[in-house]
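Q: Here you go, one structure.
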Number of protein chains: 2
Amino acid sequence: MTTGDRQTEEKIFEAATDEFEENGLTGARMQNIADRAGMNKALLHYYFRTKDLLFEAVFTKVARQMMSKFKPALEGNMTIEEKIRFFFREHISFLQDNPRLPGFIINEINHNPARIKKIIRNIDIKEVWKNVLDQHKDELHRYNITEESLPQLMTTIVSLSVFPFAARGIIEEIFSNVGVDFNSYIEERKQYAADFVIRSITKKEES
Amino acid sequence: MTTGDRQTEEKIFEAATDEFEENGLTGARMQNIADRAGMNKALLHYYFRTKDLLFEAVFTKVARQMMSKFKPALEGNMTIEEKIRFFFREHISFLQDNPRLPGFIINEINHNPARIKKIIRNIDIKEVWKNVLDQHKDELHRYNITEESLPQLMTTIVSLSVFPFAARGIIEEIFSNVGVDFNSYIEERKQYAADFVIRSITKKEES
DNA sequence: GTCTATAGAAGGATAGAC
DNA sequence: GTCTATCCTTCTATAGAC
């Protein structure tokens, strides 16, 4: 395979990523992808055979990318507080560079849950889970976080980072009415969300 | 217009809601809607003229329904703490009955932001905003919530309720690996999310 | 490997009978 | 108001030249 091939394949892949992110699988058009890539439709089929296979390639890539962003915060050698701050800083920065990913992935998992399941099966969730519990045993106990409540905390943290991007269209419109800028809001959020979560888990219950 | 008409129109509307929620505007098929409603395609056009107008009708209805669910918690005569508990209880219950709404709305606003903007323009956001600030002046001050940080708090609260439903496909798959049931998780969440938020805003800063 | 031209299927929309 | 039959556009996919 020559350098020319690789470049062509890459161009198609990038054009397809844009088109699929904007329009979803069913809304995307092979003709649009060809136009974006500056070539003709026939070449897309030469390299990827069908629309569905091209989509599969794109979706697998971005879903893996998204998943991989959770790893450092789960496995790193930091305290829970540090991990929470690290996660919001890094993950929101990643989403600032890829603001359409959340909507794209949410859309697809709702229309075809099987596609994401295949990808998740390649991750050893049990192992990751066990690691978190073992590594932070003392801290979790100190914060009153039990194994049973960990799913609630985890989804809470992810919600705070991902949801604003997924719902951007609504949020931006509502904010515009009260003079709030979405980008500034997102930039502030790295700090706000981390503080918010840490305050909550460190709060001592009143008797 | 006879009773028969109304029933037919309603049947179409419900079938269309299901089909659009599952497949989105571009993925939905008029033939499928006709099948679900137990009639033929031509009738859909007789009542709603085009696919896009039918979609518009469905989307407007469910988006308004979703929006209206925020009103009682924003305008009611309760303390902030009571409103937070009330919101999570009522809103998550509503989503338990309509679990596909978040994904459906997020999908559409990402592909066609204009559609939701038209609906939001009919709400006087400034007025709602002003009401919250006026009505809870003392409480907000006591909790250290400023007008500037209110957007962060509001989106935080909504995230915690809506996101799990939007990302259900992923969450369910991950949970299945560690033996967590999605429905129980959601039921618990009404309490967990409320406690989580209230702990965070009532925490006194250490000096 | 890349292009033009076109096949062939799918899907939205309408005509016209009842 | 409801149905069957069909039109016509759109879109994926392929054939075949270069």
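Chain identifiers are assigned as A, B, and so on, following the order in which chains appear in the structure tokens; residues are numbered from 1 within each chain, and ligands are numbered from 1 in order of appearance.
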Within 10 Å of chain A, which residues of chain D come that close, and what is the closest atom pair and distance in Å for each? Count only C-alpha atoms (C1' of nucleotides) and give it as a tab-separated table.
A:
residue	atom	partner	partner_atom	distance
D:DC11	C1'	A:Arg29	CA	7.7
D:DT12	C1'	A:Lys51	CA	7.8
D:DA13	C1'	A:His45	CA	7.7
D:DT14	C1'	A:Ala42	CA	8.5
Q: Could you please take those selected residues and save C-alpha atoms (C1' of nucleotides) as a CSV table (one decimal), in the first residue's frame?
A:
chain,number,residue,atom,x,y,z
D,11,DC,C1',-29.4,7.3,-2.4
D,12,DT,C1',-26.4,3.3,-2.1
D,13,DA,C1',-23.7,0.5,-4.8
D,14,DT,C1',-21.4,-1.3,-8.9
Q: Should the cut-off be 6 Å, what would the residue list for chain A against chain B look like, counting only C-alpha atoms, as an MDAnalysis selection string?
A: chainID A and resid 23 26:27 106:107 109 111 113 159 163 167 169 196 199:200 203
Q: Kindly save the residues from that selection, with N, CA and C atoms included, as a PDB file, in the first residue's frame.
A:
ATOM      1  N   ASN A  23     -24.728  14.411  11.193  1.00  0.00           N
ATOM      2  CA  ASN A  23     -26.026  13.934  10.699  1.00  0.00           C
ATOM      3  C   ASN A  23     -26.440  12.537  11.155  1.00  0.00           C
ATOM      4  N   THR A  26     -28.091   7.532   9.684  1.00  0.00           N
ATOM      5  CA  THR A  26     -29.167   7.583   8.682  1.00  0.00           C
ATOM      6  C   THR A  26     -29.246   8.930   7.972  1.00  0.00           C
ATOM      7  N   GLY A  27     -28.773   9.985   8.626  1.00  0.00           N
ATOM      8  CA  GLY A  27     -28.853  11.301   7.998  1.00  0.00           C
ATOM      9  C   GLY A  27     -27.665  11.602   7.086  1.00  0.00           C
ATOM     10  N   ILE A 106     -24.285   9.332  22.022  1.00  0.00           N
ATOM     11  CA  ILE A 106     -25.601   9.140  22.638  1.00  0.00           C
ATOM     12  C   ILE A 106     -26.638   8.806  21.582  1.00  0.00           C
ATOM     13  N   ASN A 107     -26.595   9.514  20.491  1.00  0.00           N
ATOM     14  CA  ASN A 107     -27.512   9.245  19.394  1.00  0.00           C
ATOM     15  C   ASN A 107     -27.406   7.792  18.942  1.00  0.00           C
ATOM     16  N   ILE A 109     -26.018   5.095  20.379  1.00  0.00           N
ATOM     17  CA  ILE A 109     -26.341   4.038  21.337  1.00  0.00           C
ATOM     18  C   ILE A 109     -27.844   3.923  21.534  1.00  0.00           C
ATOM     19  N   HIS A 111     -30.053   4.360  19.095  1.00  0.00           N
ATOM     20  CA  HIS A 111     -30.627   3.740  17.901  1.00  0.00           C
ATOM     21  C   HIS A 111     -30.105   2.326  17.685  1.00  0.00           C
ATOM     22  N   PRO A 113     -28.006  -0.029  20.254  1.00  0.00           N
ATOM     23  CA  PRO A 113     -27.232  -0.326  21.464  1.00  0.00           C
ATOM     24  C   PRO A 113     -26.175  -1.407  21.238  1.00  0.00           C
ATOM     25  N   SER A 159     -21.753  12.487  34.254  1.00  0.00           N
ATOM     26  CA  SER A 159     -22.851  13.377  33.857  1.00  0.00           C
ATOM     27  C   SER A 159     -22.394  14.825  33.813  1.00  0.00           C
ATOM     28  N   PHE A 163     -22.787  15.880  29.942  1.00  0.00           N
ATOM     29  CA  PHE A 163     -24.129  16.371  29.607  1.00  0.00           C
ATOM     30  C   PHE A 163     -24.169  17.765  28.963  1.00  0.00           C
ATOM     31  N   ALA A 167     -26.211  18.384  25.495  1.00  0.00           N
ATOM     32  CA  ALA A 167     -27.408  19.237  25.466  1.00  0.00           C
ATOM     33  C   ALA A 167     -27.073  20.667  25.064  1.00  0.00           C
ATOM     34  N   GLY A 169     -27.172  22.499  22.491  1.00  0.00           N
ATOM     35  CA  GLY A 169     -28.157  23.282  21.732  1.00  0.00           C
ATOM     36  C   GLY A 169     -29.186  23.954  22.615  1.00  0.00           C
ATOM     37  N   PHE A 196     -17.634  20.944  43.301  1.00  0.00           N
ATOM     38  CA  PHE A 196     -18.985  20.507  43.672  1.00  0.00           C
ATOM     39  C   PHE A 196     -18.979  19.071  44.197  1.00  0.00           C
ATOM     40  N   ARG A 199     -16.851  18.760  47.535  1.00  0.00           N
ATOM     41  CA  ARG A 199     -17.606  19.271  48.686  1.00  0.00           C
ATOM     42  C   ARG A 199     -18.626  18.239  49.153  1.00  0.00           C
ATOM     43  N   SER A 200     -19.308  17.650  48.191  1.00  0.00           N
ATOM     44  CA  SER A 200     -20.377  16.717  48.550  1.00  0.00           C
ATOM     45  C   SER A 200     -19.852  15.471  49.248  1.00  0.00           C
ATOM     46  N   LYS A 203     -18.434  16.193  52.860  1.00  0.00           N
ATOM     47  CA  LYS A 203     -19.333  16.759  53.881  1.00  0.00           C
ATOM     48  C   LYS A 203     -19.628  15.743  54.971  1.00  0.00           C
TER      49      LYS A 203
END
Q: As a PDB file with C-alpha atoms (C1' of nucleotides), in the first residue's frame, could you give me every residue of chain C near chain A (at most 12 Å apart, counting only C-alpha atoms (C1' of nucleotides))?
A:
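The file below, part26.pdb, is the result:
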ATOM      1  C1'  DG C   1      -6.108   3.822  -7.603  1.00  0.00           C
ATOM      2  C1'  DT C   2      -9.437   7.070  -9.450  1.00  0.00           C
ATOM      3  C1'  DC C   3     -12.990   8.552 -12.427  1.00  0.00           C
ATOM      4  C1'  DT C   4     -17.848   8.718 -15.069  1.00  0.00           C
ATOM      5  C1'  DA C   5     -22.002   6.675 -15.826  1.00  0.00           C
TER       6       DA C   5
END
Q: Which residue out of B:Ala16, B:Ile33, B:Thr79, B:Tyr47 has the minimum interatomic distance to Val62 (chain B) when only C-alpha atoms are used?
A: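 Nearest candidate to Val62 (chain B) out of B:Ala16, B:Ile33, B:Thr79, B:Tyr47: B:Ala16.
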Q: Could you jot down the CA of Val132 (chain A) to CA of Phe88 (chain B) separation for me, Å, one decimal place?
A: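 CA of Val132 (chain A) sits 28.1 Å away from CA of Phe88 (chain B).
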Q: Excluding same-chain residues fewer than 6 positions from DT10 (chain D), what lies within 10 Å of it counting only C-alpha atoms (C1' of nucleotides), as a ChimeraX atom specification?
A: /C:10-12
Q: Take the residues just selected and output them with N, CA and C atoms (P, O5', C5', C4', C3', O3' and C1' of nucleotides) as a CSV table (one decimal), in the first residue's frame.
A:
chain,number,residue,atom,x,y,z
C,10,DA,P,-35.0,-2.6,-1.2
C,10,DA,O5',-35.1,-1.1,-0.7
C,10,DA,C5',-33.9,-0.4,-0.5
C,10,DA,C4',-34.3,1.0,0.0
C,10,DA,C3',-35.6,1.0,0.9
C,10,DA,O3',-35.3,1.9,1.9
C,10,DA,C1',-35.9,2.4,-1.0
C,11,DG,P,-36.5,2.0,3.1
C,11,DG,O5',-37.1,3.4,2.8
C,11,DG,C5',-36.3,4.6,2.6
C,11,DG,C4',-37.1,5.7,2.1
C,11,DG,C3',-38.5,5.8,2.8
C,11,DG,O3',-38.7,7.1,3.2
C,11,DG,C1',-38.8,5.7,0.5
C,12,DG,P,-39.8,7.6,4.2
C,12,DG,O5',-40.4,8.8,3.4
C,12,DG,C5',-39.5,9.9,3.0
C,12,DG,C4',-40.2,10.7,2.0
C,12,DG,C3',-41.5,11.3,2.4
C,12,DG,O3',-41.5,12.6,1.9
C,12,DG,C1',-41.8,10.0,0.4
